[in-house]
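Trainee: Once you've had a glance at the structure underneath, I'll fire off some questions.
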Amino acid sequence: MWNSSTHQRDATGVDTSWPAARRRGLLGGALLATLIIALLSIGVGSIAIPPVTTLRILLARLPLAITPDWPAAYESILIDIRLPRVALVALSGAALACSGAAYQGLFRNPLADPYLIGVAAGAGLGVVLVLPLRPFVPQLGTTLVPLGAFSGALTTVALVYMLGRSAGGSPVTSLVLAGVAVGSMAGAIMTFLLLRSGAQSGRVLAFLLGGYGGAGWDAVLVTAPLVLLGSLALYAFARPLNVLLLDEEQARQIGVNAPRIRRMVIIAATLTTAAAVAFSGLIGFVGLIVPHVARLIGGADHRRLIPLATVGGAGFLMLADLIARTAITPQELPLGVVTALAGAPYFLYLLRRASNQS
Amino acid sequence: MMELVVDSIVAGYPGRDVLRHVSLRARAGELLALIGPNGAGKTTLLRTIGGTIRPRTGSVRLDGRDLLRLSPRERARLVATAPQGATFPAGFNVAETVMLGRHPHLPLFGGERRRDFEAARTAMVRTGVWFLAGRRVESLSGGEQQRVLIARALAQEPRVLLLDEATAHLDLRYQAQVLRLVRALARDGLVTIATLHDLNLAALYADRLALLDDGEITAYGTPADVLQPELLSRVYGVHLSVTRHPSRHTPLVTLADDEAQAPDPATCGA
């Protein structure tokens, strides 16, 4: 229903307010909640640091008159260990949810997620392919795995895009089908290679399940610009994405250059996702569920949906990471397990509520 | 007076020409209905004029301007289509859906301005869906959805309005409502072309008819000129009779299918 708070009426008593201007506070609320989750998330761990102290340690980095009254170890735990991990988690969540929202619109498919057209399979294969190179390029060190994942993801999506374009039929369907075919192919090659090199399989499996154990500032510094750039690009394409929600024929009738917009969105979403995948592995569910929740709460217009999903993805994944770290201490749960366990029931609840309303 | 001139169009799909040298004129202020049997090329002609099919030869000109040479954006500012069986984006309300029609007037990365809100509102008021502005499109009736489609087309502020089977799946009340609206829009000064299945609706509401048969226009003129029983019976392949509408005195086409005389189409050729 129409719940704009400022109803204007013209001389004949007809309501002339524009119905789309609703729920303005939503994004601000989501942003605030995400910041609070971040603060909590940084404080919690084997050594608990109270939120107020956390905030003061962070603010002390700025030129403010804050005198340190906390143990020196707190600062190094916070700044060197927890903050980069939480930042990387937030970046991954934002990247996955943002690309997921764009893909669900682009493919007009509610089951679309950022891994739909080959990012996941390509990243996995990339890691398996680069691991044997390890002894030969010691100077690359820990960046070898992210590099392999990133380039594997980009190559696979490029391949899928070219194959999908040359196939006949609806371009959107061809892309998805090409993604499925290339994805299974890459998965099969990866499994084959994994079985032949038993020693490496532990590392690859850890990557596939999403691991933040060794996350440092270098990872954040590489990921952040790519995710920022990619999600800003996707936001810039928000209104054209709305028009692509119409079918191909209608989009053309309205004057949309659908192939060009599709290409740009795929490039932006792939860069964003690949950057997240490179350092944090594959985390399911975020890119699928968070956009849906954002849509149910804030509406389907991509100009509201993409920012809300981006912020929501960051908050949701930080919360999931917090649970993953604390639920069965001293062990850690795989992040993907938590996202599915926590996200699915809430999602089902929202779906039920939405269907009761209409 | 603005005029759309379609000149010897040959168009269709890969390996199959549907239209063979179709020429047609449509004047602003008049409602032109395209009629003809299934597969005669009505929708293909509409799509060619709308620019979503490129013809192999021929031209489509609006006051001398070749529409086929325009970019999709430029064309969408002149020609708008209310397609048949359109899908609506899930979760969009009526106002948001109609606003999509403003796309050809907006810069790629720009948002709507006051001018765009006004155009969208005018389109919704004109089609009588303004009171539904905040409602989800999927919750509306068929007749209301059809009017939303027309509103979206009007939001493009076009000179040419194309409608593909605008009355399909609508009950009699909505058929009358939609066609009255379409004719009024033609009177506003739009070049208006509608494909219509129902010959009697075409006779009642259209100013001019073009009868398509197997990719060619076999008759063009007023309903009284075009709706001739022999011609229609030949084109549709079934015996039709034409009488007078009891109150409007326009032609009234009825099936005169006499099973005793004509071979049963189901067993024919078996």
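To be explicit about the labels: the chains of the structure tokens are called A, B, and onward in the order shown, and within each one the residues are counted from 1, while ligands get numbers from 1 in the order they are shown.
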Please identify all residues of chain B having at least one atom at most 6 Å from any atom of chain A, considering only C-alpha atoms, and return them as a list in words.
Mentor: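 Only these qualify: Pro72, Arg73, Ala76, Pro89, Gly91, Pro104, Phe109 and Gly134 of chain B.
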Trainee: Take the residues from that selection and put them in a file with N, CA and C atoms, as a PDB file, in the first residue's frame.
Mentor:
```
ATOM      1  N   PRO B  72      17.893   3.625 -30.814  1.00  0.00           N
ATOM      2  CA  PRO B  72      16.741   3.153 -30.030  1.00  0.00           C
ATOM      3  C   PRO B  72      16.154   4.249 -29.130  1.00  0.00           C
ATOM      4  N   ARG B  73      17.024   5.047 -28.538  1.00  0.00           N
ATOM      5  CA  ARG B  73      16.534   6.117 -27.652  1.00  0.00           C
ATOM      6  C   ARG B  73      15.740   7.157 -28.413  1.00  0.00           C
ATOM      7  N   ALA B  76      12.448   5.758 -29.431  1.00  0.00           N
ATOM      8  CA  ALA B  76      11.511   5.569 -28.319  1.00  0.00           C
ATOM      9  C   ALA B  76      10.868   6.884 -27.884  1.00  0.00           C
ATOM     10  N   PRO B  89       7.530  -5.851 -14.123  1.00  0.00           N
ATOM     11  CA  PRO B  89       8.545  -6.154 -13.120  1.00  0.00           C
ATOM     12  C   PRO B  89       7.890  -6.413 -11.773  1.00  0.00           C
ATOM     13  N   GLY B  91       6.998  -6.473  -7.996  1.00  0.00           N
ATOM     14  CA  GLY B  91       7.236  -5.574  -6.869  1.00  0.00           C
ATOM     15  C   GLY B  91       7.163  -4.102  -7.205  1.00  0.00           C
ATOM     16  N   PRO B 104      13.713   6.899 -22.249  1.00  0.00           N
ATOM     17  CA  PRO B 104      14.371   7.542 -23.400  1.00  0.00           C
ATOM     18  C   PRO B 104      14.595   9.041 -23.216  1.00  0.00           C
ATOM     19  N   PHE B 109      22.816   7.813 -16.635  1.00  0.00           N
ATOM     20  CA  PHE B 109      23.101   7.755 -15.202  1.00  0.00           C
ATOM     21  C   PHE B 109      22.315   8.792 -14.406  1.00  0.00           C
ATOM     22  N   GLY B 134      -0.218   3.917  -6.240  1.00  0.00           N
ATOM     23  CA  GLY B 134       0.588   3.233  -5.239  1.00  0.00           C
ATOM     24  C   GLY B 134       0.383   1.724  -5.189  1.00  0.00           C
TER      25      GLY B 134
END
```
Trainee: With distances taken over only C-alpha atoms, which of A:Leu116, A:Leu194, A:Val137, A:Ala102 is nearest to Ala233 (chain A)?
Mentor: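 Closest to Ala233 (chain A), using only C-alpha atoms: A:Ala102.
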Trainee: Near Val160 (chain B), counting only C-alpha atoms, which residues have an atom at most 7 Å away, once you skip same-chain residues fewer than 6 positions from it, shown as a ChimeraX atom specification?
Mentor: /B:78-80,190-192
Trainee: What would the file look like if the residues just selected were written as a short mmCIF file (atom, residue, chain, number, x, y, z; two decimals), in the first residue's frame with all heavy atoms?
Mentor:
```
data_model
loop_
_atom_site.label_atom_id
_atom_site.label_comp_id
_atom_site.auth_asym_id
_atom_site.auth_seq_id
_atom_site.Cartn_x
_atom_site.Cartn_y
_atom_site.Cartn_z
N LEU B 78 9.71 8.90 -30.10
CA LEU B 78 8.70 9.16 -31.12
C LEU B 78 7.64 8.06 -31.20
O LEU B 78 6.49 8.33 -31.50
CB LEU B 78 9.38 9.30 -32.49
CG LEU B 78 10.29 10.50 -32.67
CD1 LEU B 78 11.01 10.43 -34.00
CD2 LEU B 78 9.50 11.79 -32.57
N VAL B 79 8.07 6.82 -30.97
CA VAL B 79 7.17 5.68 -31.13
C VAL B 79 7.11 4.91 -29.82
O VAL B 79 8.14 4.55 -29.25
CB VAL B 79 7.67 4.73 -32.24
CG1 VAL B 79 6.67 3.62 -32.49
CG2 VAL B 79 7.94 5.50 -33.51
N ALA B 80 5.89 4.64 -29.33
CA ALA B 80 5.73 3.86 -28.10
C ALA B 80 4.79 2.69 -28.37
O ALA B 80 3.86 2.82 -29.16
CB ALA B 80 5.19 4.72 -26.98
N LEU B 190 -2.36 11.73 -31.84
CA LEU B 190 -1.34 10.70 -32.01
C LEU B 190 -1.62 9.89 -33.26
O LEU B 190 -2.78 9.66 -33.60
CB LEU B 190 -1.36 9.74 -30.81
CG LEU B 190 -0.78 10.23 -29.50
CD1 LEU B 190 -1.12 9.25 -28.39
CD2 LEU B 190 0.72 10.38 -29.61
N VAL B 191 -0.58 9.45 -33.94
CA VAL B 191 -0.74 8.42 -34.96
C VAL B 191 -0.96 7.12 -34.19
O VAL B 191 -0.10 6.72 -33.41
CB VAL B 191 0.51 8.31 -35.84
CG1 VAL B 191 0.39 7.13 -36.79
CG2 VAL B 191 0.75 9.60 -36.60
N THR B 192 -2.13 6.50 -34.32
CA THR B 192 -2.47 5.36 -33.47
C THR B 192 -2.77 4.14 -34.32
O THR B 192 -3.65 4.19 -35.18
CB THR B 192 -3.70 5.71 -32.60
OG1 THR B 192 -3.46 6.97 -31.98
CG2 THR B 192 -3.92 4.66 -31.52
#
```
Trainee: Would you return as a list in words the members of region 3-44 of chain B that DSSP assigns to strand (DSSP E) on this structure's backbone?
Mentor: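 Everything in region 3-44 of chain B that counts as strand (DSSP E) is Glu3, Leu4, Val5, Val6, Asp7, Ser8, Ile9, Val10, Ala11, Gly12, Tyr13, Arg16, Asp17, Val18, Leu19, Arg20, His21, Val22, Ser23, Leu24, Arg25, Ala26, Arg27, Leu31, Leu32, Ala33, Leu34 and Ile35 of chain B.
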Trainee: Using only C-alpha atoms, which residue out of A:Val182, A:Val145, A:Ala275, A:Leu133 lies closest to Pro225 (chain A)?
Mentor: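 The answer is A:Ala275, which sits nearest to Pro225 (chain A).
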